[in-house]
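Since the structure comes first, as structure tokens, the remarks are kept for the end.
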Amino acid sequence: MRTLVRRLPTIRALVLCAAALATAASVGACRREERRFRESPPSATPSGVRVSALQPGTPMDTTHVRNPYENNAYAQSEGQRLYGWYNCAGCHANGGGGMGPPLMDDEWIYGSSPENIYATIIQGRPNGMPSFAGKIPTPQVWQLVTYVRSLSAQNSTGARSSRTEHMMMYPGSNSLQDPETPKNSFRPPASEMP
Amino acid sequence: MLQDGLRGALNQSVLEPAGPQAARAARLWWFAFIVATIVYLLTMGALWWAAHRARQRERRGEVAVGPESELRMTRGVTYATAATIVILLVFLVTDLSVGRTLSPVPSKHPLTIELTGHQWWWEASYADTSPHGRFTTANEIHVPVGQPVLFVLQAQDVIHSFWVPNLAGKKDLIPGYRQSMWFQADTAGLYRGQCAEFCGLQHAKMALHVVAEPASQYRQWVSQQRESAATPPDSVASRGREVFLTGQCAMCHSIEGTSAGSHAGPDLTHLASRRTIAAGTLPNTRGALAGWIVDPQRIKPGVRMPPNMLKPQDLDALLTYLQSLK
């Protein structure tokens, strides 16, 4: 007991030291997300991306291109701004769909992976989707891809663009999909379907 | 032009008023400054005098505080408090009277400019009763001398503030809310305005120039601005127009008289007639324009304009076309 009392200051110093170290470590672990303004476009552009799994013969591999901005909050909010600037809303509305298909659900005619959406924007698709090749710089297309994927809650919810005043699942979400609940949860039950 | 731009940069001072609004504000400032200086000097003098006298008394061995000195102190504090209240009341009344004389627009149908703040540039639309009379420009406003100009202020994204120190005080531009203010320029000249409310990365490089000129010159400028864009004078310029219309430029900018009609970025119909580019950041020269088009993120990091990777001959043609837009 006596030795413990004598050692108390030493123990206290040790605990303080440990606490200081832990604080320093946690502060060091906090890293501000990088904002890259002068971006050279990714060298690999997804030209060999397949949009369907249907094909004759043995299945071929598809090109996978990583989105440089996946889960980057700044890119996502820039994508949100460009979505308005380039008038994506003119056909797709604010994700709910109009003349063009909705982007908030989990039905994707030409694929939902980043490289699929990239190819759709760049190549255009039948029945109305124009090609934006040469019209939108590559980094901005990837920012749009990030935002479009966030509409259907496909990327991390840790990164969010600013709250819109349009339809959404819950305040602060861009999506009708709640990541906590299974997909399609917002659909009416089968008995009410036409 | 560069010299003009530099002179404009120096011509941004509240102490050199060029109109009735700024003159009243400057007079108010001088009045407050002189009164405050006199009060400061008197206070400091009294403090020095009190300290000096106390030390003298101490040397003579007198008692510092007695019943009759307490009475003197009470009297002194009462006088000082009364003087303070009177001075503050005079300030209040002067300030209110200046505010009241400045706010009403002195004309029934003034020249009206709708000014919209964007991150990070100014859009100015000159209102007119007929749609043909309306025109839009960016970052440079021309006003006739000796005539009140009414501004309808609004913002597209965040709060900005419109401030041309030589002509008037500040007024905020608030998204979703229309405000108005007016000023009048009595002396012809080039005055620099600046966004006065922090609005993001490039807030410091969000300037606009006000050109106050005689009425005849102003009318000439208006009739020129109402015109559609000039047709390309030669084959290089027409190639430049093709580059503009088929590439990235037309996605955000508009040029009247062509198919480019997007209003995300500044209107470029009469780009060559402006003194500066990029909201007062660079002089409007061929070299500056080339640098801005190719790599705007180096000049204004974070600006909404993306880099443009153009082939050298395409860039050259584009510059020739843009410089023909007088």
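Ordering of the structure tokens sets the chain letters (A, B, ...); residue numbers start at 1 within each chain; ligands are numbered from 1 in the order shown.
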For chain B against chain A, with a cut-off of 6 Å and counting only C-alpha atoms, what is the closest atom pair and its distance in Å to one decimal for every residue that makes the cut, ordered by chain and number, as a Markdown table?
| residue | atom | partner | partner_atom | distance |
| --- | --- | --- | --- | --- |
| B:Gly247 | CA | A:Lys135 | CA | 5.2 |
| B:Gln248 | CA | A:Lys135 | CA | 4.4 |
| B:Gln297 | CA | A:Arg38 | CA | 5.9 |
| B:Gly302 | CA | A:Phe37 | CA | 5.7 |
Next item on the list: Write down as a ChimeraX atom specification the residues belonging to segment 29-182 of chain B that are assigned helix (DSSP H, G or I) by DSSP computed on the backbone.
Entry: /B:29-60,67-102,131-133
Check: Pick the closest to Ala73 of chain A from A:Thr58, A:Glu34, A:Arg125, A:Ala20: which is it, counting only C-alpha atoms?
Finding: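 Closest to Ala73 of chain A, using only C-alpha atoms: A:Glu34.
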Note to self: Taking 6 positions as the minimum chain separation for residues in the same chain, which residues sit within 12 Å of Glu33 of chain A when counting only C-alpha atoms? Answer as a PyMOL selection string.
What the structure shows: chain A and resi 69+71-75+158-159
Export of prior selection with C-alpha atoms as a CSV table (one decimal), in the first residue's frame:
chain,number,residue,atom,x,y,z
A,69,TYR,CA,-13.3,10.6,-57.0
A,71,ASN,CA,-16.3,8.9,-51.9
A,72,ASN,CA,-14.7,12.3,-52.4
A,73,ALA,CA,-17.2,14.9,-50.9
A,74,TYR,CA,-15.8,17.9,-52.8
A,75,ALA,CA,-16.1,16.0,-56.2
A,158,GLY,CA,-19.6,9.4,-45.3
A,159,ALA,CA,-19.3,11.8,-48.2
Margin query: Please identify the strand (DSSP E or B) residues within segment 100-225 of chain B (assignment by DSSP from backbone atoms) and present them as a VMD selection string.
Written below: chain B and resid 111 to 118 121 to 126 135 to 138 140 to 144 149 to 155 160 to 163 171 to 175 177 179 to 183 189 to 195 207 to 213
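Between atom CA of Leu310 of chain B and atom CA of Val141 of chain A the separation is 17.6 Å.
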Checklist line | Thr281 of chain B environment, 12 Å, only C-alpha atoms, sequence neighbours closer than 3 positions dropped, as a count of residues only | finding: 31
Check: Which residues come within 12 Å of Asp234 of chain B, counting only C-alpha atoms, excluding same-chain residues fewer than 4 positions away, as a ChimeraX atom specification?
Finding: /B:230,238-241,317,320-321,324
Margin query: Need to verify the contact set: segment 102-108 of chain A, 6 Å, only C-alpha atoms, exclusion of same-chain residues closer than 3 positions in sequence. Can you return it as a PyMOL selection string?
Written below: chain A and resi 92+95-97+111-112+151-152+175-176
Next item on the list: For segment 144-148 of chain B, work out the shell of residues within 7 Å, counting only C-alpha atoms and skipping chain neighbours fewer than 4 positions away, then give it as a list of chain:residue names.
Entry: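 Listing them by chain and then by number gives B:Pro110, B:Trp182, B:Phe183, B:Gln184, B:Ala185, B:Asp186, B:Thr187, B:Ala188, B:Ala212, B:Glu213, B:Pro214, B:Ala215, B:Tyr218.
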I need the residues from that last selection saved to file as a PDB file, in the first residue's frame (with C-alpha atoms), if you can.
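Done, and the output landed in result.pdb:
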ATOM      1  CA  PRO B 110     -34.060  55.529 -63.076  1.00  0.00           C
ATOM      2  CA  TRP B 182     -28.701  53.309 -56.034  1.00  0.00           C
ATOM      3  CA  PHE B 183     -25.786  55.567 -56.683  1.00  0.00           C
ATOM      4  CA  GLN B 184     -24.844  58.412 -58.938  1.00  0.00           C
ATOM      5  CA  ALA B 185     -21.461  59.224 -60.427  1.00  0.00           C
ATOM      6  CA  ASP B 186     -20.767  62.944 -60.776  1.00  0.00           C
ATOM      7  CA  THR B 187     -17.204  62.665 -62.078  1.00  0.00           C
ATOM      8  CA  ALA B 188     -16.375  60.610 -65.133  1.00  0.00           C
ATOM      9  CA  ALA B 212     -18.754  56.520 -65.558  1.00  0.00           C
ATOM     10  CA  GLU B 213     -18.878  58.406 -68.835  1.00  0.00           C
ATOM     11  CA  PRO B 214     -20.735  61.335 -70.442  1.00  0.00           C
ATOM     12  CA  ALA B 215     -24.276  60.539 -71.605  1.00  0.00           C
ATOM     13  CA  TYR B 218     -22.788  55.947 -72.661  1.00  0.00           C
TER      14      TYR B 218
END
Margin query: Quick check, in Å to one decimal: how far apart do atom CA of Asn11 of chain B and atom CA of Leu282 of chain B lie?
Written below: 16.5 Å
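For the choices B:His132, B:Arg75, B:Lys108, B:His160, the atom-to-atom distance to Pro175 of chain B is smallest for B:His160 when using only C-alpha atoms.
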